[in-house]
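To be precise, the following lines are protein.cif, and they hold mmCIF, C-alpha atoms.
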data_upload
#
loop_
_atom_site.group_PDB
_atom_site.id
_atom_site.type_symbol
_atom_site.label_atom_id
_atom_site.label_comp_id
_atom_site.auth_asym_id
_atom_site.auth_seq_id
_atom_site.Cartn_x
_atom_site.Cartn_y
_atom_site.Cartn_z
ATOM 1 C CA MET A 24 47.539 50.823 4.681
ATOM 2 C CA SER A 25 47.424 47.893 7.040
ATOM 3 C CA THR A 26 44.789 45.249 7.355
ATOM 4 C CA THR A 27 44.010 43.038 10.273
ATOM 5 C CA ALA A 28 42.604 39.569 9.987
ATOM 6 C CA ASP A 29 39.502 38.787 11.928
ATOM 7 C CA THR A 30 40.533 35.987 14.227
ATOM 8 C CA THR A 31 37.250 35.804 16.088
ATOM 9 C CA VAL A 32 36.465 32.194 16.921
ATOM 10 C CA LEU A 33 32.838 31.314 17.131
ATOM 11 C CA PRO A 34 31.926 29.231 20.157
ATOM 12 C CA ARG A 35 31.130 25.628 19.453
ATOM 13 C CA ARG A 36 27.518 24.716 19.682
ATOM 14 C CA ARG A 37 26.901 22.502 22.613
ATOM 15 C CA ARG A 38 25.255 19.228 21.870
ATOM 16 C CA ASP A 39 21.877 18.853 23.405
ATOM 17 C CA PRO A 40 21.913 15.616 25.440
ATOM 18 C CA LYS A 41 18.134 15.372 25.138
ATOM 19 C CA GLY A 42 18.376 15.498 21.332
ATOM 20 C CA GLY A 43 21.021 12.771 21.284
ATOM 21 C CA ALA A 44 18.958 10.566 23.568
ATOM 22 C CA LEU A 45 15.884 11.086 21.404
ATOM 23 C CA THR A 46 17.858 10.170 18.271
ATOM 24 C CA ALA A 47 19.188 7.015 19.916
ATOM 25 C CA LEU A 48 15.698 6.068 21.082
ATOM 26 C CA THR A 49 14.347 6.609 17.577
ATOM 27 C CA TRP A 50 17.002 4.321 16.098
ATOM 28 C CA ILE A 51 16.273 1.641 18.692
ATOM 29 C CA ILE A 52 12.547 1.759 17.904
ATOM 30 C CA ALA A 53 13.215 1.697 14.147
ATOM 31 C CA VAL A 54 15.535 -1.304 14.464
ATOM 32 C CA GLY A 55 12.977 -3.032 16.692
ATOM 33 C CA PHE A 56 10.284 -2.627 14.048
ATOM 34 C CA PHE A 57 12.562 -3.681 11.197
ATOM 35 C CA PHE A 58 14.235 -6.629 12.928
ATOM 36 C CA PRO A 59 11.350 -9.133 12.371
ATOM 37 C CA VAL A 60 11.451 -8.350 8.648
ATOM 38 C CA LEU A 61 15.215 -8.784 8.574
ATOM 39 C CA TRP A 62 14.949 -12.078 10.448
ATOM 40 C CA MET A 63 12.284 -13.310 8.024
ATOM 41 C CA VAL A 64 14.579 -12.550 5.072
ATOM 42 C CA LEU A 65 17.513 -14.315 6.732
ATOM 43 C CA THR A 66 15.371 -17.339 7.588
ATOM 44 C CA ALA A 67 14.275 -17.612 3.957
ATOM 45 C CA PHE A 68 17.887 -18.413 3.001
ATOM 46 C CA LYS A 69 18.339 -21.105 5.671
ATOM 47 C CA GLN A 70 17.799 -24.825 5.633
ATOM 48 C CA GLU A 71 14.832 -25.984 7.695
ATOM 49 C CA SER A 72 17.179 -27.532 10.249
ATOM 50 C CA ASP A 73 18.904 -24.174 10.778
ATOM 51 C CA ALA A 74 15.635 -22.227 10.909
ATOM 52 C CA ALA A 75 14.222 -24.299 13.777
ATOM 53 C CA THR A 76 17.213 -24.356 16.107
ATOM 54 C CA ARG A 77 17.077 -23.081 19.685
ATOM 55 C CA PRO A 78 18.938 -20.792 20.200
ATOM 56 C CA PRO A 79 18.591 -19.388 16.668
ATOM 57 C CA THR A 80 21.369 -20.007 14.179
ATOM 58 C CA VAL A 81 23.037 -16.720 13.273
ATOM 59 C CA PHE A 82 25.869 -17.993 11.059
ATOM 60 C CA PHE A 83 24.779 -20.313 8.254
ATOM 61 C CA VAL A 84 25.424 -21.149 4.612
ATOM 62 C CA PRO A 85 22.831 -19.302 2.460
ATOM 63 C CA THR A 86 20.754 -21.412 0.113
ATOM 64 C CA LEU A 87 17.990 -20.863 -2.429
ATOM 65 C CA ASP A 88 16.424 -24.274 -1.814
ATOM 66 C CA GLN A 89 13.416 -22.798 -0.015
ATOM 67 C CA PHE A 90 12.580 -20.440 -2.862
ATOM 68 C CA LYS A 91 12.839 -23.327 -5.317
ATOM 69 C CA ALA A 92 10.514 -25.389 -3.114
ATOM 70 C CA VAL A 93 8.017 -22.504 -2.968
ATOM 71 C CA PHE A 94 7.892 -22.194 -6.752
ATOM 72 C CA ASP A 95 7.664 -25.965 -7.141
ATOM 73 C CA SER A 96 4.616 -25.948 -4.857
ATOM 74 C CA GLY A 97 2.652 -23.893 -7.403
ATOM 75 C CA ILE A 98 2.883 -20.415 -5.903
ATOM 76 C CA GLY A 99 2.895 -18.870 -9.375
ATOM 77 C CA ILE A 100 -0.902 -19.004 -9.841
ATOM 78 C CA PRO A 101 -1.747 -17.249 -6.538
ATOM 79 C CA LEU A 102 0.960 -14.685 -7.276
ATOM 80 C CA LEU A 103 -0.513 -13.906 -10.699
ATOM 81 C CA ASN A 104 -4.016 -13.768 -9.219
ATOM 82 C CA SER A 105 -2.885 -11.220 -6.637
ATOM 83 C CA VAL A 106 -1.135 -9.137 -9.286
ATOM 84 C CA PHE A 107 -4.198 -9.203 -11.545
ATOM 85 C CA ALA A 108 -6.717 -8.359 -8.811
ATOM 86 C CA THR A 109 -4.513 -5.626 -7.342
ATOM 87 C CA VAL A 110 -3.606 -3.900 -10.612
ATOM 88 C CA ILE A 111 -7.089 -4.008 -12.169
ATOM 89 C CA SER A 112 -8.885 -2.923 -8.994
ATOM 90 C CA THR A 113 -6.430 -0.053 -8.450
ATOM 91 C CA LEU A 114 -6.901 1.155 -12.026
ATOM 92 C CA LEU A 115 -10.680 1.013 -11.594
ATOM 93 C CA VAL A 116 -10.451 2.922 -8.321
ATOM 94 C CA LEU A 117 -8.429 5.683 -9.976
ATOM 95 C CA LEU A 118 -10.710 5.736 -13.009
ATOM 96 C CA LEU A 119 -13.793 6.184 -10.825
ATOM 97 C CA GLY A 120 -12.257 8.078 -7.928
ATOM 98 C CA ILE A 121 -10.501 10.904 -9.783
ATOM 99 C CA PRO A 122 -13.694 12.291 -11.409
ATOM 100 C CA ALA A 123 -15.604 11.867 -8.142
ATOM 101 C CA ALA A 124 -12.926 13.642 -6.107
ATOM 102 C CA PHE A 125 -12.726 16.416 -8.705
ATOM 103 C CA ALA A 126 -16.501 16.899 -8.640
ATOM 104 C CA LEU A 127 -16.530 17.055 -4.843
ATOM 105 C CA SER A 128 -13.679 19.585 -4.637
ATOM 106 C CA LEU A 129 -13.048 21.954 -7.537
ATOM 107 C CA ARG A 130 -16.486 21.431 -9.079
ATOM 108 C CA PRO A 131 -18.668 20.791 -6.015
ATOM 109 C CA VAL A 132 -22.103 19.315 -6.583
ATOM 110 C CA ARG A 133 -25.278 19.734 -4.567
ATOM 111 C CA LYS A 134 -25.160 18.147 -1.119
ATOM 112 C CA THR A 135 -21.431 17.494 -1.313
ATOM 113 C CA GLN A 136 -21.223 16.690 2.388
ATOM 114 C CA ASP A 137 -24.002 14.103 2.036
ATOM 115 C CA ALA A 138 -22.105 12.444 -0.800
ATOM 116 C CA LEU A 139 -18.909 12.390 1.241
ATOM 117 C CA PHE A 140 -20.711 10.911 4.226
ATOM 118 C CA PHE A 141 -22.215 8.225 1.992
ATOM 119 C CA PHE A 142 -18.761 7.262 0.732
ATOM 120 C CA ILE A 143 -17.239 7.002 4.183
ATOM 121 C CA SER A 144 -20.317 5.304 5.679
ATOM 122 C CA THR A 145 -19.648 2.271 3.484
ATOM 123 C CA LYS A 146 -16.510 1.654 5.583
ATOM 124 C CA MET A 147 -18.461 1.583 8.849
ATOM 125 C CA LEU A 148 -19.932 -1.884 8.278
ATOM 126 C CA PRO A 149 -17.596 -4.654 9.444
ATOM 127 C CA ILE A 150 -16.607 -7.005 6.643
ATOM 128 C CA VAL A 151 -17.565 -10.030 8.719
ATOM 129 C CA ALA A 152 -21.150 -8.728 8.911
ATOM 130 C CA ALA A 153 -21.422 -8.647 5.119
ATOM 131 C CA ILE A 154 -19.660 -11.876 4.191
ATOM 132 C CA ILE A 155 -22.728 -14.143 4.415
ATOM 133 C CA PRO A 156 -24.923 -12.009 2.103
ATOM 134 C CA LEU A 157 -21.974 -11.584 -0.248
ATOM 135 C CA TYR A 158 -21.308 -15.317 -0.265
ATOM 136 C CA VAL A 159 -24.950 -16.057 -1.084
ATOM 137 C CA ILE A 160 -25.087 -13.446 -3.858
ATOM 138 C CA VAL A 161 -21.781 -14.502 -5.392
ATOM 139 C CA GLY A 162 -22.825 -18.150 -5.230
ATOM 140 C CA ARG A 163 -26.184 -17.454 -6.884
ATOM 141 C CA ILE A 164 -24.592 -15.690 -9.847
ATOM 142 C CA GLY A 165 -21.916 -18.364 -10.218
ATOM 143 C CA MET A 166 -18.939 -16.151 -9.335
ATOM 144 C CA LEU A 167 -17.412 -18.147 -6.492
ATOM 145 C CA ASP A 168 -13.698 -18.842 -6.956
ATOM 146 C CA ASN A 169 -13.577 -16.195 -9.689
ATOM 147 C CA ILE A 170 -10.861 -13.548 -9.721
ATOM 148 C CA TRP A 171 -13.269 -10.923 -11.069
ATOM 149 C CA THR A 172 -15.259 -11.207 -7.852
ATOM 150 C CA LEU A 173 -12.223 -10.050 -5.911
ATOM 151 C CA VAL A 174 -11.583 -7.275 -8.428
ATOM 152 C CA ILE A 175 -15.087 -5.884 -7.878
ATOM 153 C CA LEU A 176 -14.894 -6.218 -4.099
ATOM 154 C CA TYR A 177 -11.443 -4.663 -3.884
ATOM 155 C CA THR A 178 -12.615 -1.757 -6.024
ATOM 156 C CA ALA A 179 -15.616 -1.177 -3.776
ATOM 157 C CA MET A 180 -13.436 -1.550 -0.689
ATOM 158 C CA ASN A 181 -10.834 1.031 -1.732
ATOM 159 C CA LEU A 182 -12.982 3.549 -3.612
ATOM 160 C CA PRO A 183 -14.285 5.487 -0.549
ATOM 161 C CA ILE A 184 -10.787 5.916 0.872
ATOM 162 C CA ALA A 185 -9.434 6.972 -2.524
ATOM 163 C CA VAL A 186 -12.162 9.599 -3.003
ATOM 164 C CA TRP A 187 -11.511 11.126 0.398
ATOM 165 C CA MET A 188 -7.741 11.146 -0.114
ATOM 166 C CA MET A 189 -7.815 12.580 -3.619
ATOM 167 C CA ARG A 190 -10.396 15.189 -2.664
ATOM 168 C CA SER A 191 -7.949 16.619 -0.129
ATOM 169 C CA PHE A 192 -5.313 16.805 -2.873
ATOM 170 C CA PHE A 193 -7.676 18.531 -5.312
ATOM 171 C CA LEU A 194 -8.645 21.081 -2.658
ATOM 172 C CA GLU A 195 -5.022 22.250 -2.590
ATOM 173 C CA VAL A 196 -5.199 23.275 -6.257
ATOM 174 C CA PRO A 197 -6.139 26.952 -6.657
ATOM 175 C CA SER A 198 -9.413 27.343 -8.504
ATOM 176 C CA GLU A 199 -7.832 30.266 -10.370
ATOM 177 C CA LEU A 200 -5.876 27.767 -12.467
ATOM 178 C CA LEU A 201 -9.077 26.367 -13.931
ATOM 179 C CA GLU A 202 -10.404 29.849 -14.519
ATOM 180 C CA ALA A 203 -7.210 30.891 -16.304
ATOM 181 C CA ALA A 204 -7.268 27.767 -18.472
ATOM 182 C CA SER A 205 -10.935 28.388 -19.297
ATOM 183 C CA MET A 206 -10.190 31.982 -20.319
ATOM 184 C CA ASP A 207 -7.468 30.647 -22.637
ATOM 185 C CA GLY A 208 -10.081 28.530 -24.364
ATOM 186 C CA ALA A 209 -9.222 25.160 -22.867
ATOM 187 C CA SER A 210 -12.054 22.707 -22.353
ATOM 188 C CA LEU A 211 -12.735 21.177 -18.970
ATOM 189 C CA TRP A 212 -11.145 17.870 -19.971
ATOM 190 C CA THR A 213 -8.066 19.650 -21.324
ATOM 191 C CA SER A 214 -7.754 21.708 -18.139
ATOM 192 C CA VAL A 215 -7.971 18.612 -15.976
ATOM 193 C CA ARG A 216 -5.536 16.598 -18.109
ATOM 194 C CA GLU A 217 -2.892 19.277 -18.678
ATOM 195 C CA VAL A 218 -3.227 21.503 -15.604
ATOM 196 C CA ILE A 219 -4.803 19.728 -12.655
ATOM 197 C CA LEU A 220 -3.551 16.139 -12.956
ATOM 198 C CA PRO A 221 0.174 17.055 -13.221
ATOM 199 C CA ILE A 222 -0.152 19.067 -10.019
ATOM 200 C CA VAL A 223 -1.912 16.350 -8.024
ATOM 201 C CA SER A 224 0.063 13.452 -9.523
ATOM 202 C CA PRO A 225 2.014 12.887 -6.253
ATOM 203 C CA GLY A 226 -1.277 12.570 -4.384
ATOM 204 C CA ILE A 227 -2.644 10.177 -6.999
ATOM 205 C CA ALA A 228 0.524 8.078 -6.710
ATOM 206 C CA ALA A 229 0.145 7.957 -2.924
ATOM 207 C CA THR A 230 -3.514 6.963 -3.249
ATOM 208 C CA ALA A 231 -2.679 4.273 -5.780
ATOM 209 C CA LEU A 232 -0.002 2.820 -3.505
ATOM 210 C CA ILE A 233 -2.417 2.724 -0.557
ATOM 211 C CA CYS A 234 -4.946 0.877 -2.733
ATOM 212 C CA VAL A 235 -2.239 -1.551 -3.883
ATOM 213 C CA ILE A 236 -1.255 -2.324 -0.286
ATOM 214 C CA PHE A 237 -4.855 -2.834 0.852
ATOM 215 C CA SER A 238 -5.719 -5.056 -2.122
ATOM 216 C CA TRP A 239 -2.515 -7.085 -1.997
ATOM 217 C CA ASN A 240 -2.830 -7.806 1.726
ATOM 218 C CA GLU A 241 -6.578 -8.504 1.757
ATOM 219 C CA PHE A 242 -7.300 -11.927 3.234
ATOM 220 C CA PHE A 243 -10.885 -12.194 4.469
ATOM 221 C CA PHE A 244 -12.693 -11.935 1.122
ATOM 222 C CA ALA A 245 -10.107 -14.113 -0.591
ATOM 223 C CA VAL A 246 -10.205 -16.933 1.949
ATOM 224 C CA ASN A 247 -14.017 -17.095 1.973
ATOM 225 C CA LEU A 248 -14.844 -16.538 -1.691
ATOM 226 C CA THR A 249 -12.022 -18.424 -3.429
ATOM 227 C CA ALA A 250 -10.823 -22.011 -3.438
ATOM 228 C CA VAL A 251 -8.195 -22.912 -6.045
ATOM 229 C CA ASN A 252 -8.593 -20.975 -9.292
ATOM 230 C CA ALA A 253 -8.747 -17.478 -7.758
ATOM 231 C CA GLN A 254 -6.575 -18.079 -4.697
ATOM 232 C CA THR A 255 -4.370 -15.099 -3.812
ATOM 233 C CA MET A 256 -0.998 -14.843 -2.090
ATOM 234 C CA PRO A 257 -2.266 -14.183 1.477
ATOM 235 C CA VAL A 258 -4.403 -17.326 1.269
ATOM 236 C CA ALA A 259 -1.623 -19.349 -0.340
ATOM 237 C CA LEU A 260 0.746 -18.474 2.507
ATOM 238 C CA THR A 261 -1.419 -20.369 4.987
ATOM 239 C CA GLY A 262 -0.763 -23.539 2.991
ATOM 240 C CA PHE A 263 2.888 -23.509 4.012
ATOM 241 C CA MET A 264 2.049 -23.955 7.696
ATOM 242 C CA SER A 265 1.924 -27.612 8.590
ATOM 243 C CA GLY A 266 1.468 -29.597 11.756
ATOM 244 C CA GLN A 267 3.952 -32.163 10.491
ATOM 245 C CA GLY A 268 7.588 -31.401 9.853
ATOM 246 C CA LEU A 269 9.450 -28.107 9.703
ATOM 247 C CA PHE A 270 8.127 -25.208 7.654
ATOM 248 C CA TRP A 271 9.660 -21.966 8.992
ATOM 249 C CA ALA A 272 12.237 -21.497 6.230
ATOM 250 C CA LYS A 273 9.791 -22.275 3.425
ATOM 251 C CA LEU A 274 7.129 -20.019 4.968
ATOM 252 C CA SER A 275 9.677 -17.217 5.265
ATOM 253 C CA ALA A 276 10.678 -17.631 1.626
ATOM 254 C CA ALA A 277 7.037 -17.469 0.540
ATOM 255 C CA SER A 278 6.491 -14.402 2.733
ATOM 256 C CA VAL A 279 9.489 -12.652 1.164
ATOM 257 C CA LEU A 280 8.076 -13.327 -2.294
ATOM 258 C CA ALA A 281 4.669 -12.040 -1.153
ATOM 259 C CA ALA A 282 6.102 -8.817 0.274
ATOM 260 C CA LEU A 283 8.554 -8.109 -2.540
ATOM 261 C CA PRO A 284 6.105 -6.637 -5.127
ATOM 262 C CA VAL A 285 4.722 -4.078 -2.660
ATOM 263 C CA VAL A 286 8.229 -3.132 -1.545
ATOM 264 C CA ILE A 287 9.272 -2.627 -5.170
ATOM 265 C CA CYS A 288 6.207 -0.465 -5.863
ATOM 266 C CA GLY A 289 6.930 1.630 -2.784
ATOM 267 C CA TRP A 290 10.583 2.020 -3.759
ATOM 268 C CA ILE A 291 9.708 3.118 -7.295
ATOM 269 C CA ALA A 292 7.107 5.639 -6.091
ATOM 270 C CA GLN A 293 8.949 6.798 -2.980
ATOM 271 C CA ASN A 294 9.572 10.351 -4.189
ATOM 272 C CA LYS A 295 5.982 10.978 -5.191
ATOM 273 C CA LEU A 296 4.772 9.058 -2.158
ATOM 274 C CA VAL A 297 6.443 11.454 0.282
ATOM 275 C CA ARG A 298 5.145 14.475 -1.608
ATOM 276 C CA GLY A 299 1.692 12.955 -1.915
ATOM 277 C CA LEU A 300 1.323 12.059 1.750
ATOM 278 C CA SER A 301 2.332 15.603 2.718
ATOM 279 C CA PHE A 302 0.081 17.137 0.056
ATOM 280 C CA GLY A 303 -2.867 18.763 1.751
ATOM 281 C CA ALA A 304 -1.457 18.354 5.240
ATOM 282 C CA ILE A 305 -0.898 22.109 5.659
ATOM 283 C CA LYS A 306 -3.589 24.582 4.766
#

Would you mind writing the file out in structure tokens?
Amino acid sequence: MSTTADTTVLPRRRRDPKGGALTALTWIIAVGFFFPVLWMVLTAFKQESDAATRPPTVFFVPTLDQFKAVFDSGIGIPLLNSVFATVISTLLVLLLGIPAAFALSLRPVRKTQDALFFFISTKMLPIVAAIIPLYVIVGRIGMLDNIWTLVILYTAMNLPIAVWMMRSFFLEVPSELLEAASMDGASLWTSVREVILPIVSPGIAATALICVIFSWNEFFFAVNLTAVNAQTMPVALTGFMSGQGLFWAKLSAASVLAALPVVICGWIAQNKLVRGLSFGAIK
């Protein structure tokens, strides 16, 4: 009995020139967006004389002098204020937003659409139109330059977005899961804690990260309602710009320190972030 080997050679797949051009264009755009961030990081490790040269200095001796100067200038207090306001406001948003989103999705209430419209309508008023009444109210109750003022405002600012985001995640959970848990004798709180929340945890992580970014980067409330005690990082960064002398390297170092916490949070939550942002995108 003889056997013959199959020597059939499959034809090579031809490369699509359009696909290669699209990939190259995508890389060029990505590098273009990332290059300012890279240049900011490089400038943070330069001396001021190297940071202000024309043409720019590409080869230099790295130094940590600018970071030391930033910490010596008292950046620690604004950094702690930003961390406190961001963390507490995000926790409050999740504490209030998760029950609201659950009630508007898996346990809908009367006039659900009216409630949703009310939440989103609070984002239609420009912040600049509300700053004068807010300033007067905060001043009357003695809460100017108080970090708790920013915590309350950041919570109110992010809550509508969080409710809408988390509602879309809850809508992806089959209602049969709650019914099955109820038939097994589980209470509503037990069903939510042990069945629903583990499923929507990627969406909650994505919502939390969005709230962190919005709170950390907020500038308008902070610059108008704080002075020294409750100053946050975005406001503190403006203090490094001076009309006298060179400041580019020091400003870059402060900007790197300001961006680092959000980057770390995004890196830690990247797996759940991708799943959460795609959660609810396909019905």

Please write the residues picked by the PyMOL selection byres ((chain A and resi 112-118) around 10) on this file as a short mmCIF file (atom, residue, chain, number, x, y, z; two decimals) with C-alpha atoms, in the coordinates of the input.
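Dumped to selection_1.cif:
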data_model
loop_
_atom_site.label_atom_id
_atom_site.label_comp_id
_atom_site.auth_asym_id
_atom_site.auth_seq_id
_atom_site.Cartn_x
_atom_site.Cartn_y
_atom_site.Cartn_z
CA VAL A 106 -1.14 -9.14 -9.29
CA PHE A 107 -4.20 -9.20 -11.54
CA ALA A 108 -6.72 -8.36 -8.81
CA THR A 109 -4.51 -5.63 -7.34
CA VAL A 110 -3.61 -3.90 -10.61
CA ILE A 111 -7.09 -4.01 -12.17
CA LEU A 119 -13.79 6.18 -10.82
CA GLY A 120 -12.26 8.08 -7.93
CA ILE A 121 -10.50 10.90 -9.78
CA PRO A 122 -13.69 12.29 -11.41
CA ALA A 123 -15.60 11.87 -8.14
CA ALA A 124 -12.93 13.64 -6.11
CA TRP A 171 -13.27 -10.92 -11.07
CA LEU A 173 -12.22 -10.05 -5.91
CA VAL A 174 -11.58 -7.28 -8.43
CA ILE A 175 -15.09 -5.88 -7.88
CA LEU A 176 -14.89 -6.22 -4.10
CA TYR A 177 -11.44 -4.66 -3.88
CA THR A 178 -12.62 -1.76 -6.02
CA ALA A 179 -15.62 -1.18 -3.78
CA MET A 180 -13.44 -1.55 -0.69
CA ASN A 181 -10.83 1.03 -1.73
CA LEU A 182 -12.98 3.55 -3.61
CA PRO A 183 -14.28 5.49 -0.55
CA ILE A 184 -10.79 5.92 0.87
CA ALA A 185 -9.43 6.97 -2.52
CA VAL A 186 -12.16 9.60 -3.00
CA MET A 189 -7.82 12.58 -3.62
CA ILE A 227 -2.64 10.18 -7.00
CA ALA A 228 0.52 8.08 -6.71
CA THR A 230 -3.51 6.96 -3.25
CA ALA A 231 -2.68 4.27 -5.78
CA LEU A 232 0.00 2.82 -3.50
CA ILE A 233 -2.42 2.72 -0.56
CA CYS A 234 -4.95 0.88 -2.73
CA VAL A 235 -2.24 -1.55 -3.88
CA ILE A 236 -1.25 -2.32 -0.29
CA PHE A 237 -4.86 -2.83 0.85
CA SER A 238 -5.72 -5.06 -2.12
#

Separation of CA of Thr46 (chain A) from CA of Met63 (chain A) in Å:
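CA of Met63 (chain A) sits 26.2 Å away from CA of Thr46 (chain A).
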
Gap from CA of Pro284 (chain A) to CA of Asp88 (chain A) - Å, one decimal
20.7 Å

For the atom pair CA of Ser128 (chain A) and CA of Glu199 (chain A), what is the interatomic distance in Å to one decimal place?
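CA of Ser128 (chain A) sits 13.5 Å away from CA of Glu199 (chain A).
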
Can you tell me which residues surround Asp73 (chain A) at a distance of at most 12 Å, considering all atoms listed in the file, apart from same-chain residues fewer than 3 positions away, and format the answer as a count of residues only?
22

Skip Val196 (chain A) itself and residues of its chain fewer than 4 positions away, then list as an MDAnalysis selection string all residues within 8 Å of it, counting all atoms listed in the file.
chainID A and resid 192 200 219 222:223

Which residue out of A:Phe141, A:Leu248, A:Phe243, A:Trp290 has the minimum interatomic distance to Met166 (chain A) when only C-alpha atoms are used?
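With only C-alpha atoms as the atom set, the closest residue is A:Leu248.
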
Would you mind telling me which residue in A:Ala203, A:Pro156, A:Phe140, A:Val161 lies nearest to Trp187 (chain A) when using only C-alpha atoms?
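Of A:Ala203, A:Pro156, A:Phe140, A:Val161, the one nearest Trp187 (chain A) is A:Phe140, counting only C-alpha atoms.
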
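Across A:Pro221, A:Pro101, A:Gly208, A:Pro197, the tightest approach to Ala253 (chain A) is made by A:Pro101 when counting only C-alpha atoms.
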
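Using only C-alpha atoms, the smallest distance between any of A:Leu48, A:Leu283, A:Met147, A:Leu102 and Leu260 (chain A) comes from A:Leu102.
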
Box centre and edge lengths (Å, one decimal), axis-aligned, region 56-63 of chain A plus 3 Å each side, as lines of an AutoDock Vina configuration file:
center_x = 12.7
center_y = -8.0
center_z = 11.0
size_x = 10.9
size_y = 16.7
size_z = 12.0

From the set A:Leu87, A:Val251, A:Met188, A:Leu220, which residue has the shortest atom-to-atom contact distance to Ala277 (chain A), counting all atoms listed in the file?
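Checking each candidate against Ala277 (chain A), we get A:Leu87 as the closest.
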
Looking at all atoms listed in the file, which of A:Gly226, A:Gly99, A:Pro257, A:Pro59 is the one that sits closest to Ala292 (chain A)?
A:Gly226

Applied to this file, what does the PyMOL selection byres ((chain A and resi 211) around 12) return in terms of residues, put as a PyMOL selection string?
chain A and resi 122+125-126+129-130+200-210+212-219
